[in-house]
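*Asks:* One structure coming up, written as structure tokens, with questions to follow.
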Amino acid sequence: MRTTKLQVLLALSILLPSAGVLADEGGVGFWLPGQFGALAAVPTEPGWAFPLIYYHTSADMGANQALPRGGRGRVAVGVDAKADMLFGGPSYTFANPVLGGQAGITVMAAVARTEASADATLTGPRGRTISAETEDSLKAGSDIYPLGTLKWNHGVHNFMVYGMGGIPVGAYDPNRLVNLGLGHASLDAGGGYTYFDQENELSAVAGVTYNWENTDTNYQNGIDGHLDWSASHFVTPQTHLGLVGYVYHQLTGDSGSGAVLGDFKSKVSAVGPQVGHFFKVGKDTWYVNLKGYDEFAASNRAEGWNVWLTLAIPLTGDH
């Protein structure tokens with residue numbers, strides 16, 4: 001294997017939870033589709049690293065589509081939302097094997113600016129409704145997201161399992177249109193596979209998310225299922241080009257007294273291009289990846305596009 005490639009790829013397998021621009025029950029869940037990318041299951045160089053990931057999204061829903069906003073009969077229609085987020089956090093990969101594989105831990109969080117506009121509707125106890133246009137923006141920090149991975153390599157075949165939790169400490173107010181915290185805890189787990197023969201890679205990672213109830217709104221998201229995939233070719237020893245995509249489907253319905261629109265199962269799919277490049281900074285090899293997704297087939301969820309810029313920074317020198 002080209003060890004210089006593998007030493008800095010930890011950031012590609014970092015899970016980035018959804019600091020939702022519409023709040024959790026607003027059609028956005030804990031899982032942010034597209035979190036896994038190229039070489040996701042390939043083991044990495046032991047030691048410390050610090051990934052930085054910039055994420056931009058722009059999405060909207062039609063005027064005839066509604067999103068629940070928690071308890072007391074609140075919904076939002078005609079939503080138009082944007083967000084800019086910078087994720088970062090320390091990562092450590094253990095040198096000693098665990099169950100024959102390579103273990104790693106990461107703690108991530110984000111600072112971000114989000115904004116949204118919508119028509120907000122409040123339904124009173126006698127069924128009467130009050131509607132008004134509303135706008136909101138927020139600059140703040142997200143929840144905290146610990147992640148654990150375990151990876152195995154067998155020649156060109158690589159396997160992985162992961163688990164991640166969400167600690168709800170980010171900026172959250174049930175009365176806001178936009179939030180960076182989710183207002184509840186979540187747990188996501190799954191596994192993945194990468195085929196890598198030094199010139200071609202094919203990665204797929206699938207998982208499921210369980211969400212605890214948001215006690216501020218009496219709303220509990222259902223169980224979500226998701227698949228991220230990547231396919232690319234190294235056109236030079238340092239640069240690879242290819243495609244990425246994701247599929248997100250809510251498997252069980254929402255519940256609680258705040259779920260005024262019923263089970264409200266959501267789904268969305270996306271595909272787009274990617275490019276990655278390795279470069280030297282002193283004696284270390286860094287990695288940068290740019291990828292974008294164009295969404296389609298959305299239901300009960302805002303649909304749009306998003307861009308990811310990842311910079312993987314090793315904190316231990318080449319060995």
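Note on naming: chains are A, B, ... as they come in the structure tokens, residues start from 1 per chain, ligands start from 1 in the order shown.
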Could you name the residues that touch A:Leu243 at 10 Å or less, counting only C-alpha atoms, but leaving out those on the same chain fewer than 5 positions away, as JSON, numbers by chain?
*Replies:* {"A": [37, 38, 202, 229, 230, 231, 232, 233, 271, 272, 273, 274, 275, 291, 292, 293]}
*Asks:* I'd like the neighbourhood of stretch 251-258 of chain A as a list in words, where a residue qualifies if any of its atoms comes within 6 Å (using only C-alpha atoms), though same-chain residues fewer than 6 positions away should be ignored.
*Replies:* Gly70, Gly71, Thr217, Asn218, Tyr219, Gln220, Asn221, Gly222, Ile223, Asp224 and Lys265 of chain A
*Asks:* For A:Gly100, which of A:Asn306, A:Thr316, A:Ser137, A:Asn153 is the closest residue, counting only C-alpha atoms?
*Replies:*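 The closest residue to A:Gly100 is A:Asn153.
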*Asks:* So how many Å separate atom CA of A:Gly181 and atom CA of A:Gly141, to one decimal?
*Replies:*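 Computing it gives 7.6 Å between the two atoms.
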*Asks:* Please compute the atom CA of A:Phe30-atom CA of A:Ser186 distance, one decimal, in Å.
*Replies:*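 That distance, rounded to one decimal, is 6.8 Å.
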